[in-house]
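So this block is target36.tsv, TSV, C-alpha atoms and all ligand atoms:
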chain	number	residue	atom	x	y	z
A	12	MET	CA	10.01	-110.26	-5.22
A	13	SER	CA	9.02	-110.85	-1.64
A	14	GLN	CA	8.49	-107.62	0.29
A	15	TRP	CA	6.68	-106.21	3.23
A	16	ASP	CA	3.46	-104.25	2.76
A	17	ASP	CA	5.20	-100.94	2.23
A	18	GLY	CA	7.12	-102.42	-0.74
A	19	ILE	CA	10.49	-101.55	0.78
A	20	SER	CA	13.09	-104.34	0.91
A	21	LYS	CA	13.93	-105.59	4.42
A	22	PRO	CA	16.82	-107.63	5.82
A	23	ASP	CA	14.70	-110.78	6.17
A	24	ASP	CA	13.49	-110.58	2.61
A	25	PRO	CA	14.84	-113.45	0.43
A	26	GLN	CA	16.17	-111.00	-2.15
A	27	TRP	CA	17.99	-109.12	0.59
A	28	LYS	CA	19.62	-112.35	1.77
A	29	GLN	CA	20.61	-113.15	-1.82
A	30	ALA	CA	22.22	-109.71	-2.20
A	31	VAL	CA	24.16	-110.17	1.05
A	32	GLN	CA	25.37	-113.59	-0.09
A	33	LEU	CA	26.47	-112.23	-3.47
A	34	LEU	CA	28.50	-109.56	-1.71
A	35	LYS	CA	29.96	-112.02	0.80
A	36	ASP	CA	31.06	-114.28	-2.07
A	37	SER	CA	32.65	-111.40	-3.99
A	38	GLN	CA	36.07	-109.80	-3.91
A	39	ARG	CA	35.73	-107.00	-6.43
A	40	VAL	CA	32.60	-104.86	-6.48
A	41	ALA	CA	31.68	-102.21	-9.03
A	42	VAL	CA	29.06	-99.68	-7.95
A	43	PHE	CA	27.33	-97.84	-10.78
A	44	THR	CA	25.43	-94.77	-9.57
A	45	GLY	CA	22.98	-92.29	-11.05
A	46	ALA	CA	21.10	-89.24	-9.91
A	47	GLY	CA	19.08	-91.22	-7.31
A	48	ILE	CA	22.07	-91.73	-4.99
A	49	SER	CA	22.25	-87.96	-4.52
A	50	ALA	CA	18.51	-87.37	-4.11
A	51	GLU	CA	18.83	-87.43	-0.32
A	52	SER	CA	21.67	-84.90	-0.53
A	53	GLY	CA	19.11	-82.46	-1.92
A	54	ILE	CA	20.00	-82.82	-5.62
A	55	ALA	CA	16.83	-83.72	-7.49
A	56	THR	CA	16.92	-86.27	-10.29
A	57	PHE	CA	15.95	-84.88	-13.68
A	58	ARG	CA	13.13	-87.35	-14.20
A	59	ASP	CA	11.49	-87.49	-10.78
A	60	GLU	CA	11.39	-83.79	-10.03
A	61	GLY	CA	8.64	-81.56	-11.59
A	62	GLY	CA	9.86	-82.11	-15.16
A	63	PHE	CA	13.32	-80.56	-15.26
A	64	TRP	CA	13.61	-81.23	-18.99
A	65	LEU	CA	10.17	-79.66	-19.53
A	66	ARG	CA	11.33	-76.47	-17.79
A	67	PHE	CA	14.66	-76.52	-19.60
A	68	PRO	CA	14.28	-78.38	-22.93
A	69	PRO	CA	17.39	-80.44	-23.78
A	70	ASP	CA	17.66	-79.12	-27.34
A	71	GLU	CA	18.39	-75.69	-25.82
A	72	PHE	CA	19.98	-76.58	-22.48
A	73	ALA	CA	21.77	-79.89	-22.91
A	74	ASN	CA	24.30	-78.93	-25.61
A	75	TRP	CA	27.00	-76.27	-25.71
A	76	LYS	CA	25.74	-74.46	-28.83
A	77	GLY	CA	22.22	-74.16	-27.37
A	78	LEU	CA	23.58	-72.96	-24.05
A	79	MET	CA	25.66	-70.25	-25.66
A	80	GLN	CA	22.66	-69.04	-27.64
A	81	VAL	CA	20.52	-68.90	-24.48
A	82	ALA	CA	23.31	-67.06	-22.66
A	83	LEU	CA	23.52	-64.40	-25.36
A	84	LEU	CA	19.85	-64.01	-26.24
A	85	HIS	CA	18.03	-64.84	-22.98
A	86	PRO	CA	20.33	-64.06	-20.04
A	87	ALA	CA	17.57	-64.26	-17.42
A	88	ARG	CA	16.64	-67.79	-18.63
A	89	MET	CA	20.30	-68.77	-18.59
A	90	ALA	CA	20.67	-67.52	-15.02
A	91	GLU	CA	17.53	-69.40	-13.95
A	92	PHE	CA	18.92	-72.61	-15.47
A	93	LEU	CA	22.35	-72.14	-13.91
A	94	VAL	CA	20.90	-71.56	-10.45
A	95	ALA	CA	18.71	-74.69	-10.85
A	96	ILE	CA	21.78	-76.78	-11.71
A	97	LEU	CA	24.46	-75.21	-9.54
A	98	GLU	CA	22.71	-74.33	-6.28
A	99	PRO	CA	21.83	-77.87	-5.09
A	100	VAL	CA	25.32	-79.14	-5.96
A	101	ALA	CA	26.99	-76.13	-4.34
A	102	GLN	CA	25.14	-76.85	-1.07
A	103	ALA	CA	25.23	-80.65	-1.10
A	104	GLU	CA	26.94	-82.99	1.31
A	105	PRO	CA	27.31	-86.76	1.03
A	106	ASN	CA	24.39	-88.72	2.47
A	107	PRO	CA	24.49	-92.13	4.23
A	108	GLY	CA	24.26	-93.85	0.82
A	109	HIS	CA	27.49	-92.26	-0.45
A	110	ARG	CA	29.14	-92.94	2.90
A	111	ALA	CA	28.11	-96.61	2.88
A	112	ILE	CA	29.69	-97.07	-0.55
A	113	ALA	CA	32.91	-95.55	0.78
A	114	GLU	CA	32.63	-97.80	3.84
A	115	LEU	CA	32.35	-100.87	1.57
A	116	GLU	CA	36.07	-100.38	0.81
A	117	ARG	CA	36.80	-101.72	4.31
A	118	PHE	CA	35.53	-105.10	3.17
A	119	ARG	CA	35.93	-105.32	-0.61
A	120	GLN	CA	37.88	-103.87	-3.53
A	121	VAL	CA	35.48	-101.22	-4.79
A	122	THR	CA	35.30	-99.16	-7.96
A	123	VAL	CA	32.62	-96.50	-8.21
A	124	ILE	CA	31.36	-95.57	-11.65
A	125	THR	CA	29.12	-92.54	-11.51
A	126	GLN	CA	26.98	-90.66	-13.99
A	127	ASN	CA	26.79	-87.83	-11.48
A	128	ILE	CA	28.70	-84.60	-11.68
A	129	ASP	CA	28.43	-83.66	-8.01
A	130	ARG	CA	31.70	-85.06	-6.52
A	131	LEU	CA	29.81	-86.51	-3.53
A	132	HIS	CA	31.40	-89.97	-3.77
A	133	GLN	CA	34.86	-88.46	-3.39
A	134	ASP	CA	33.68	-86.24	-0.53
A	135	ALA	CA	32.30	-89.34	1.20
A	136	GLY	CA	35.73	-90.98	0.97
A	137	SER	CA	35.50	-93.31	-2.05
A	138	ARG	CA	39.00	-93.61	-3.47
A	139	MET	CA	38.40	-95.02	-6.96
A	140	VAL	CA	35.70	-93.04	-8.77
A	141	HIS	CA	35.20	-92.87	-12.54
A	142	GLU	CA	33.05	-89.87	-13.50
A	143	ILE	CA	31.84	-91.01	-16.90
A	144	HIS	CA	29.74	-87.87	-17.51
A	145	GLY	CA	32.48	-85.59	-16.25
A	146	THR	CA	32.27	-83.20	-13.32
A	147	LEU	CA	31.21	-79.67	-12.44
A	148	PHE	CA	34.44	-79.34	-10.45
A	149	GLU	CA	36.84	-79.09	-13.37
A	150	VAL	CA	36.93	-76.42	-16.06
A	151	VAL	CA	38.27	-77.38	-19.49
A	152	SER	CA	38.73	-75.77	-22.90
A	153	LEU	CA	35.56	-75.83	-24.99
A	154	VAL	CA	36.51	-78.31	-27.71
A	155	ALA	CA	39.79	-79.99	-26.79
A	156	ARG	CA	38.80	-80.48	-23.13
A	157	ARG	CA	42.22	-79.41	-21.90
A	158	HIS	CA	42.34	-78.83	-18.13
A	159	VAL	CA	42.00	-75.10	-17.34
A	160	ARG	CA	41.35	-75.11	-13.58
A	161	SER	CA	39.74	-76.95	-10.70
A	162	VAL	CA	36.71	-75.52	-8.96
A	163	SER	CA	35.56	-75.95	-5.35
A	164	ARG	CA	32.09	-76.17	-3.86
A	165	SER	CA	32.58	-72.69	-2.41
A	166	ASP	CA	33.45	-71.35	-5.90
A	167	LEU	CA	30.09	-72.73	-7.05
A	168	ARG	CA	28.35	-71.11	-4.07
A	169	GLU	CA	29.89	-67.76	-5.01
A	170	ILE	CA	28.63	-68.04	-8.57
A	171	VAL	CA	25.12	-68.85	-7.33
A	172	GLU	CA	25.22	-65.87	-4.97
A	173	LYS	CA	26.21	-63.55	-7.83
A	174	LEU	CA	23.43	-64.94	-10.03
A	175	ARG	CA	20.87	-64.57	-7.23
A	176	HIS	CA	22.07	-61.02	-6.67
A	177	LEU	CA	21.41	-60.29	-10.34
A	178	GLU	CA	17.78	-61.33	-9.89
A	179	SER	CA	17.09	-57.98	-8.28
A	180	ALA	CA	19.33	-56.07	-10.67
A	181	LYS	CA	19.23	-55.73	-14.43
A	182	TRP	CA	19.67	-58.95	-16.38
A	183	THR	CA	22.17	-58.55	-19.17
A	184	SER	CA	24.16	-61.18	-21.04
A	185	LEU	CA	27.31	-59.41	-19.89
A	186	ALA	CA	26.36	-59.53	-16.20
A	187	VAL	CA	25.36	-63.21	-16.37
A	188	MET	CA	28.49	-64.15	-18.29
A	189	GLU	CA	30.62	-62.27	-15.78
A	190	ALA	CA	28.99	-64.12	-12.88
A	191	VAL	CA	29.69	-67.55	-14.41
A	192	GLN	CA	33.09	-66.61	-15.86
A	193	PRO	CA	35.01	-68.91	-13.46
A	194	ILE	CA	33.36	-71.95	-15.08
A	195	PHE	CA	31.93	-70.84	-18.42
A	196	GLY	CA	33.05	-68.13	-20.80
A	197	ALA	CA	36.04	-66.61	-22.51
A	198	GLY	CA	39.43	-66.49	-20.86
A	199	GLN	CA	43.07	-66.03	-21.80
A	200	ASP	CA	43.17	-69.41	-23.57
A	201	GLY	CA	39.91	-69.11	-25.48
A	202	PHE	CA	36.53	-70.43	-24.42
A	203	HIS	CA	36.24	-72.62	-21.33
A	204	ARG	CA	33.42	-74.65	-19.79
A	205	PRO	CA	32.74	-77.23	-17.06
A	206	ASN	CA	34.04	-80.70	-17.91
A	207	LEU	CA	30.56	-82.13	-18.45
A	208	VAL	CA	29.29	-84.60	-21.00
A	209	LEU	CA	26.24	-83.04	-22.62
A	210	PHE	CA	24.04	-84.60	-25.30
A	211	GLY	CA	26.10	-85.45	-28.35
A	212	ASP	CA	29.45	-85.21	-26.51
A	213	ALA	CA	31.85	-88.12	-26.30
A	214	MET	CA	32.04	-89.82	-22.92
A	215	ALA	CA	34.66	-88.52	-20.48
A	216	GLU	CA	38.00	-90.29	-20.89
A	217	PRO	CA	39.81	-92.09	-19.41
A	218	ALA	CA	36.82	-92.55	-17.07
A	219	TRP	CA	34.66	-94.39	-19.62
A	220	SER	CA	37.36	-96.89	-20.63
A	221	LEU	CA	38.27	-97.48	-16.97
A	222	ALA	CA	34.60	-97.98	-16.13
A	223	GLN	CA	34.22	-100.66	-18.81
A	224	GLN	CA	37.35	-102.37	-17.50
A	225	ALA	CA	36.07	-102.23	-13.92
A	226	VAL	CA	32.82	-103.93	-14.96
A	227	LYS	CA	34.82	-106.56	-16.81
A	228	ASP	CA	36.89	-107.23	-13.69
A	229	CYS	CA	34.19	-107.21	-11.01
A	230	ASP	CA	32.35	-110.12	-9.37
A	231	VAL	CA	29.24	-108.09	-8.55
A	232	LEU	CA	27.78	-104.92	-10.06
A	233	ILE	CA	25.55	-102.85	-7.79
A	234	THR	CA	23.56	-100.20	-9.62
A	235	VAL	CA	22.08	-97.44	-7.48
A	236	GLY	CA	19.55	-94.76	-8.39
A	237	THR	CA	19.67	-94.86	-12.16
A	238	SER	CA	16.77	-95.22	-14.57
A	239	GLY	CA	19.11	-96.83	-17.11
A	240	THR	CA	17.79	-94.63	-19.89
A	241	VAL	CA	20.92	-92.60	-20.62
A	242	TYR	CA	23.20	-94.22	-23.20
A	243	PRO	CA	25.90	-95.33	-23.62
A	244	ALA	CA	26.24	-95.30	-19.79
A	245	ALA	CA	23.43	-97.85	-19.39
A	246	LEU	CA	25.38	-100.29	-21.59
A	247	LEU	CA	27.58	-101.06	-18.56
A	248	VAL	CA	24.70	-103.03	-17.06
A	249	ASP	CA	24.17	-104.95	-20.34
A	250	GLN	CA	27.92	-105.60	-20.43
A	251	ALA	CA	27.86	-107.07	-16.91
A	252	ARG	CA	24.89	-109.29	-17.66
A	253	ALA	CA	26.43	-110.50	-20.93
A	254	GLN	CA	29.51	-111.53	-18.95
A	255	GLY	CA	27.38	-113.39	-16.38
A	256	ILE	CA	28.27	-110.96	-13.58
A	257	ALA	CA	25.72	-110.84	-10.76
A	258	THR	CA	23.81	-107.56	-10.63
A	259	ILE	CA	22.06	-105.94	-7.67
A	260	VAL	CA	19.75	-102.98	-8.23
A	261	ILE	CA	19.01	-100.49	-5.42
A	262	ASP	CA	16.22	-98.12	-6.42
A	263	PRO	CA	12.69	-97.33	-5.21
A	264	GLU	CA	11.17	-97.49	-8.69
A	265	THR	CA	13.48	-98.89	-11.33
A	266	SER	CA	13.62	-102.67	-11.11
A	267	GLY	CA	16.07	-105.08	-12.75
A	268	GLY	CA	19.19	-107.03	-11.94
A	269	ASP	CA	19.41	-110.52	-10.49
A	270	VAL	CA	18.30	-108.92	-7.22
A	271	TRP	CA	16.20	-105.80	-6.83
A	272	LEU	CA	16.41	-104.09	-3.44
A	273	ARG	CA	13.55	-101.67	-3.50
A	274	GLY	CA	13.97	-98.46	-1.54
A	275	ASN	CA	16.06	-95.36	-1.05
A	276	ALA	CA	19.82	-95.65	-1.30
A	277	ALA	CA	20.40	-93.71	1.93
A	278	ASP	CA	18.24	-96.23	3.84
A	279	LEU	CA	19.30	-99.49	2.22
A	280	LEU	CA	23.02	-99.10	1.50
A	281	PRO	CA	24.16	-98.60	5.12
A	282	LYS	CA	22.18	-101.69	6.21
A	283	LEU	CA	23.56	-103.75	3.34
A	284	VAL	CA	27.16	-102.79	4.03
A	285	GLN	CA	26.66	-103.43	7.75
A	286	GLU	CA	25.83	-107.06	6.89
A	287	LEU	CA	29.48	-107.54	5.86
A	288	GLU	CA	30.61	-106.82	9.43
A	289	SER	CA	29.45	-110.31	10.44
A	290	PRO	CA	31.30	-113.29	8.94
B	1	LIG	P1	17.39	-90.55	-13.71
B	1	LIG	O1	16.88	-89.22	-13.25
B	1	LIG	O2	17.07	-91.01	-15.08
B	1	LIG	O3	16.81	-91.69	-12.72
B	1	LIG	C1	16.89	-91.52	-11.34
B	1	LIG	C2	16.68	-92.86	-10.68
B	1	LIG	O4	16.90	-92.69	-9.30
B	1	LIG	C3	15.26	-93.43	-10.86
B	1	LIG	O5	15.34	-94.79	-11.21
B	1	LIG	C4	14.65	-93.22	-9.47
B	1	LIG	O6	13.69	-94.22	-9.17
B	1	LIG	C5	15.88	-93.35	-8.59
B	1	LIG	N1	15.79	-92.72	-7.28
B	1	LIG	C6	15.10	-91.62	-6.90
B	1	LIG	N2	15.30	-91.37	-5.60
B	1	LIG	C7	16.15	-92.33	-5.14
B	1	LIG	C8	16.76	-92.60	-3.88
B	1	LIG	N3	16.52	-91.82	-2.81
B	1	LIG	N4	17.59	-93.67	-3.77
B	1	LIG	C9	17.83	-94.47	-4.84
B	1	LIG	N5	17.29	-94.25	-6.06
B	1	LIG	C10	16.48	-93.19	-6.21
B	1	LIG	O7	18.93	-90.55	-13.39
B	1	LIG	P2	20.13	-91.16	-14.22
B	1	LIG	O8	19.79	-92.55	-14.65
B	1	LIG	O9	21.31	-90.92	-13.39
B	1	LIG	O10	20.21	-90.26	-15.54
B	1	LIG	C11	20.15	-88.82	-15.50
B	1	LIG	C12	21.37	-88.11	-16.06
B	1	LIG	O11	21.42	-86.77	-15.49
B	1	LIG	C13	22.65	-88.76	-15.65
B	1	LIG	O12	23.65	-88.45	-16.57
B	1	LIG	C14	22.93	-88.07	-14.32
B	1	LIG	O13	24.26	-88.10	-13.95
B	1	LIG	C15	22.50	-86.63	-14.59
B	1	LIG	N6	22.10	-86.01	-13.31
B	1	LIG	C16	23.06	-85.92	-12.33
B	1	LIG	C17	22.74	-85.42	-11.08
B	1	LIG	C18	23.84	-85.34	-10.05
B	1	LIG	O14	25.02	-85.14	-10.39
B	1	LIG	N7	23.51	-85.50	-8.77
B	1	LIG	C19	21.42	-85.01	-10.82
B	1	LIG	C20	20.47	-85.09	-11.85
B	1	LIG	C21	20.83	-85.62	-13.09

Show how you would write the structure in this file as structure tokens.
Amino acid sequence: MSQWDDGISKPDDPQWKQAVQLLKDSQRVAVFTGAGISAESGIATFRDEGGFWLRFPPDEFANWKGLMQVALLHPARMAEFLVAILEPVAQAEPNPGHRAIAELERFRQVTVITQNIDRLHQDAGSRMVHEIHGTLFEVVSLVARRHVRSVSRSDLREIVEKLRHLESAKWTSLAVMEAVQPIFGAGQDGFHRPNLVLFGDAMAEPAWSLAQQAVKDCDVLITVGTSGTVYPAALLVDQARAQGIATIVIDPETSGGDVWLRGNAADLLPKLVQELESP
């Protein structure tokens, strides 16, 4: 790929021009996002940041059984994990990358497929968003995933405040469970939890089926800020390529696609979408 010395894609780069042309020739665009799109909103990706999965091993922290055991046996650890997950999301706002994707709807029919659980695409104004790994903003019953309640960003902030408050008090399972009760714990209808897809869970429906359909129907697939290592989500890219759909990758590190625009989503996406202003 042709780039300038800093390795960041620029508007007079041939790959950039190719990406613009692909978008100009398209009608329906699917945008598939991962943790990287939210990095500039202050939510670290699990792989880039000082080893999230090393601090919180997935066999304990990425499945419901493990989480319940940690909550009961190691409440301080559970609280530390919950603060690490909830606090950045509770404080986050959409960044120019999310806003550019919402802006793209002025020019094209856009479907956003996200692996993220942070609701930032909707907050930026995207109207069609499929959250294939679920969301932190809905609470469901533990097994059947029946809707229990919706949760707001300020609800999450309150939970974080309670957990932080506990840091200076005595850690007990009861106190931690009480703090997180709005999203995780026992209620009138049995056990409830956030509507997240953890390791071993089925993908969120109908989001996953709708996402596959959106890829089938699109002319261009833009993938943004995903390492493509989480399956079956990453199969969407294989599906697009197998169908001969043009793919554009926006990511500072992970290459791929027919066109790779190297750089941060918050820098590149607004410039790319701006190109559609001119005929
Ligand atoms: P990942 O952590 O495996 O990969 C992140 C990708 O983002 C990398 O390719 C990295 O180069 C790229 N990146 C980093 N900064 C970027 C930026 N500023 N602009 C564009 N790209 C950038 O993420 P994944 O592939 O999404 O898989 C991780 C799983 O964990 C997913 O299920 C994801 O949803 C979840 N997760 C979600 C959030 C969130 O909701 N914001 C945060 C962390 C992890």

Shell around Glu286 in chain A at 12 Å using all atoms listed in the file, local window under 3 positions removed, as a short mmCIF file (atom, residue, chain, number, x, y, z; two decimals) with C-alpha atoms, in the coordinates of the input:
data_model
loop_
_atom_site.label_atom_id
_atom_site.label_comp_id
_atom_site.auth_asym_id
_atom_site.auth_seq_id
_atom_site.Cartn_x
_atom_site.Cartn_y
_atom_site.Cartn_z
CA PRO A 22 16.82 -107.63 5.82
CA ASP A 23 14.70 -110.78 6.17
CA TRP A 27 17.99 -109.12 0.59
CA LYS A 28 19.62 -112.35 1.77
CA GLN A 29 20.61 -113.15 -1.82
CA ALA A 30 22.22 -109.71 -2.20
CA VAL A 31 24.16 -110.17 1.05
CA GLN A 32 25.37 -113.59 -0.09
CA LEU A 33 26.47 -112.23 -3.47
CA LEU A 34 28.50 -109.56 -1.71
CA LYS A 35 29.96 -112.02 0.80
CA ALA A 111 28.11 -96.61 2.88
CA GLU A 114 32.63 -97.80 3.84
CA LEU A 115 32.35 -100.87 1.57
CA PHE A 118 35.53 -105.10 3.17
CA LEU A 279 19.30 -99.49 2.22
CA LEU A 280 23.02 -99.10 1.50
CA PRO A 281 24.16 -98.60 5.12
CA LYS A 282 22.18 -101.69 6.21
CA LEU A 283 23.56 -103.75 3.34
CA SER A 289 29.45 -110.31 10.44
CA PRO A 290 31.30 -113.29 8.94
#

Exercise for the section: Using all atoms listed in the file, find each residue with an atom at most 7 Å away from ligand LIG 1 (chain B) and format the answer as a PyMOL selection string. Expected result: chain A and resi 44-51+54-59+126-129+144+235-241+261-265+274-277

Handout entry: Sel. within 12 Å of pt (24.3, -56.0, -19.6), counting only C-alpha atoms, output as a VMD selection string
Key = chain A and resid 82 to 87 177 180 to 190

Kindly save the residues from that selection, with C-alpha atoms included, as an mmCIF file, in the frame of the given file.
data_model
loop_
_atom_site.group_PDB
_atom_site.id
_atom_site.type_symbol
_atom_site.label_atom_id
_atom_site.label_comp_id
_atom_site.auth_asym_id
_atom_site.auth_seq_id
_atom_site.Cartn_x
_atom_site.Cartn_y
_atom_site.Cartn_z
ATOM 1 C CA ALA A 82 23.310 -67.060 -22.660
ATOM 2 C CA LEU A 83 23.520 -64.400 -25.360
ATOM 3 C CA LEU A 84 19.850 -64.010 -26.240
ATOM 4 C CA HIS A 85 18.030 -64.840 -22.980
ATOM 5 C CA PRO A 86 20.330 -64.060 -20.040
ATOM 6 C CA ALA A 87 17.570 -64.260 -17.420
ATOM 7 C CA LEU A 177 21.410 -60.290 -10.340
ATOM 8 C CA ALA A 180 19.330 -56.070 -10.670
ATOM 9 C CA LYS A 181 19.230 -55.730 -14.430
ATOM 10 C CA TRP A 182 19.670 -58.950 -16.380
ATOM 11 C CA THR A 183 22.170 -58.550 -19.170
ATOM 12 C CA SER A 184 24.160 -61.180 -21.040
ATOM 13 C CA LEU A 185 27.310 -59.410 -19.890
ATOM 14 C CA ALA A 186 26.360 -59.530 -16.200
ATOM 15 C CA VAL A 187 25.360 -63.210 -16.370
ATOM 16 C CA MET A 188 28.490 -64.150 -18.290
ATOM 17 C CA GLU A 189 30.620 -62.270 -15.780
ATOM 18 C CA ALA A 190 28.990 -64.120 -12.880
#

Practice task
Give me the residues within 9 Å of His141 in chain A as a list in words, counting all atoms listed in the file and dropping any in the same chain fewer than 4 places off.
Solution key: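 Answer for this query is Thr122, Val123, Ile124, Thr125, Gln126, Gly145, Pro217, Ala218, Trp219, Leu221 and Ala222 of chain A.
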
Practice task
In Å, rounded to a single decimal, give me how far CA of Phe72 in chain A is from CA of Asp134 in chain A.
Solution key: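 Rounded to one decimal, the two atoms are 27.6 Å apart.
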
Working from the structure I just supplied, which lacks atoms in range 48-56 of chain A, can you model all heavy atoms there and output them as a PDB file, in the coordinates of the input?
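Heads up, here's the output in selection-v9.pdb:
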ATOM      1  N   ILE A  48      21.211 -91.620  -6.188  1.00  0.00           N
ATOM      2  CA  ILE A  48      22.070 -91.730  -4.990  1.00  0.00           C
ATOM      3  C   ILE A  48      22.200 -90.370  -4.309  1.00  0.00           C
ATOM      4  O   ILE A  48      22.385 -90.288  -3.090  1.00  0.00           O
ATOM      5  CB  ILE A  48      23.483 -92.302  -5.322  1.00  0.00           C
ATOM      6  CG1 ILE A  48      24.355 -92.452  -4.075  1.00  0.00           C
ATOM      7  CG2 ILE A  48      24.239 -91.434  -6.304  1.00  0.00           C
ATOM      8  CD1 ILE A  48      24.207 -93.707  -3.350  1.00  0.00           C
ATOM      9  N   SER A  49      22.073 -89.299  -5.090  1.00  0.00           N
ATOM     10  CA  SER A  49      22.250 -87.960  -4.520  1.00  0.00           C
ATOM     11  C   SER A  49      20.928 -87.279  -4.170  1.00  0.00           C
ATOM     12  O   SER A  49      20.930 -86.138  -3.708  1.00  0.00           O
ATOM     13  CB  SER A  49      23.053 -87.075  -5.481  1.00  0.00           C
ATOM     14  OG  SER A  49      24.348 -87.602  -5.661  1.00  0.00           O
ATOM     15  N   ALA A  50      19.817 -87.985  -4.380  1.00  0.00           N
ATOM     16  CA  ALA A  50      18.510 -87.370  -4.110  1.00  0.00           C
ATOM     17  C   ALA A  50      18.424 -86.923  -2.649  1.00  0.00           C
ATOM     18  O   ALA A  50      17.946 -85.825  -2.348  1.00  0.00           O
ATOM     19  CB  ALA A  50      17.388 -88.346  -4.445  1.00  0.00           C
ATOM     20  N   GLU A  51      18.925 -87.782  -1.746  1.00  0.00           N
ATOM     21  CA  GLU A  51      18.830 -87.430  -0.320  1.00  0.00           C
ATOM     22  C   GLU A  51      19.919 -86.446   0.114  1.00  0.00           C
ATOM     23  O   GLU A  51      19.972 -86.070   1.282  1.00  0.00           O
ATOM     24  CB  GLU A  51      18.834 -88.694   0.533  1.00  0.00           C
ATOM     25  CG  GLU A  51      17.410 -89.222   0.649  1.00  0.00           C
ATOM     26  CD  GLU A  51      17.297 -90.695   0.405  1.00  0.00           C
ATOM     27  OE1 GLU A  51      18.188 -91.252  -0.287  1.00  0.00           O
ATOM     28  OE2 GLU A  51      16.328 -91.286   0.884  1.00  0.00           O
ATOM     29  N   SER A  52      20.745 -86.017  -0.817  1.00  0.00           N
ATOM     30  CA  SER A  52      21.670 -84.900  -0.530  1.00  0.00           C
ATOM     31  C   SER A  52      21.057 -83.598  -1.039  1.00  0.00           C
ATOM     32  O   SER A  52      21.735 -82.568  -1.083  1.00  0.00           O
ATOM     33  CB  SER A  52      23.013 -85.138  -1.213  1.00  0.00           C
ATOM     34  OG  SER A  52      23.678 -86.221  -0.628  1.00  0.00           O
ATOM     35  N   GLY A  53      19.803 -83.670  -1.486  1.00  0.00           N
ATOM     36  CA  GLY A  53      19.110 -82.460  -1.920  1.00  0.00           C
ATOM     37  C   GLY A  53      19.281 -82.127  -3.391  1.00  0.00           C
ATOM     38  O   GLY A  53      18.908 -81.039  -3.821  1.00  0.00           O
ATOM     39  N   ILE A  54      19.859 -83.067  -4.177  1.00  0.00           N
ATOM     40  CA  ILE A  54      20.000 -82.820  -5.620  1.00  0.00           C
ATOM     41  C   ILE A  54      18.931 -83.659  -6.318  1.00  0.00           C
ATOM     42  O   ILE A  54      19.012 -84.894  -6.330  1.00  0.00           O
ATOM     43  CB  ILE A  54      21.400 -83.212  -6.125  1.00  0.00           C
ATOM     44  CG1 ILE A  54      22.481 -82.517  -5.285  1.00  0.00           C
ATOM     45  CG2 ILE A  54      21.553 -82.853  -7.598  1.00  0.00           C
ATOM     46  CD1 ILE A  54      23.904 -82.946  -5.632  1.00  0.00           C
ATOM     47  N   ALA A  55      17.951 -82.994  -6.885  1.00  0.00           N
ATOM     48  CA  ALA A  55      16.830 -83.720  -7.490  1.00  0.00           C
ATOM     49  C   ALA A  55      17.298 -84.457  -8.745  1.00  0.00           C
ATOM     50  O   ALA A  55      18.214 -84.006  -9.433  1.00  0.00           O
ATOM     51  CB  ALA A  55      15.720 -82.753  -7.840  1.00  0.00           C
ATOM     52  N   THR A  56      16.654 -85.598  -9.018  1.00  0.00           N
ATOM     53  CA  THR A  56      16.920 -86.270 -10.290  1.00  0.00           C
ATOM     54  C   THR A  56      16.173 -85.502 -11.374  1.00  0.00           C
ATOM     55  O   THR A  56      15.210 -84.791 -11.082  1.00  0.00           O
ATOM     56  CB  THR A  56      16.432 -87.729 -10.268  1.00  0.00           C
ATOM     57  OG1 THR A  56      15.015 -87.713 -10.268  1.00  0.00           O
ATOM     58  CG2 THR A  56      16.939 -88.471  -9.036  1.00  0.00           C
TER      59      THR A  56
END
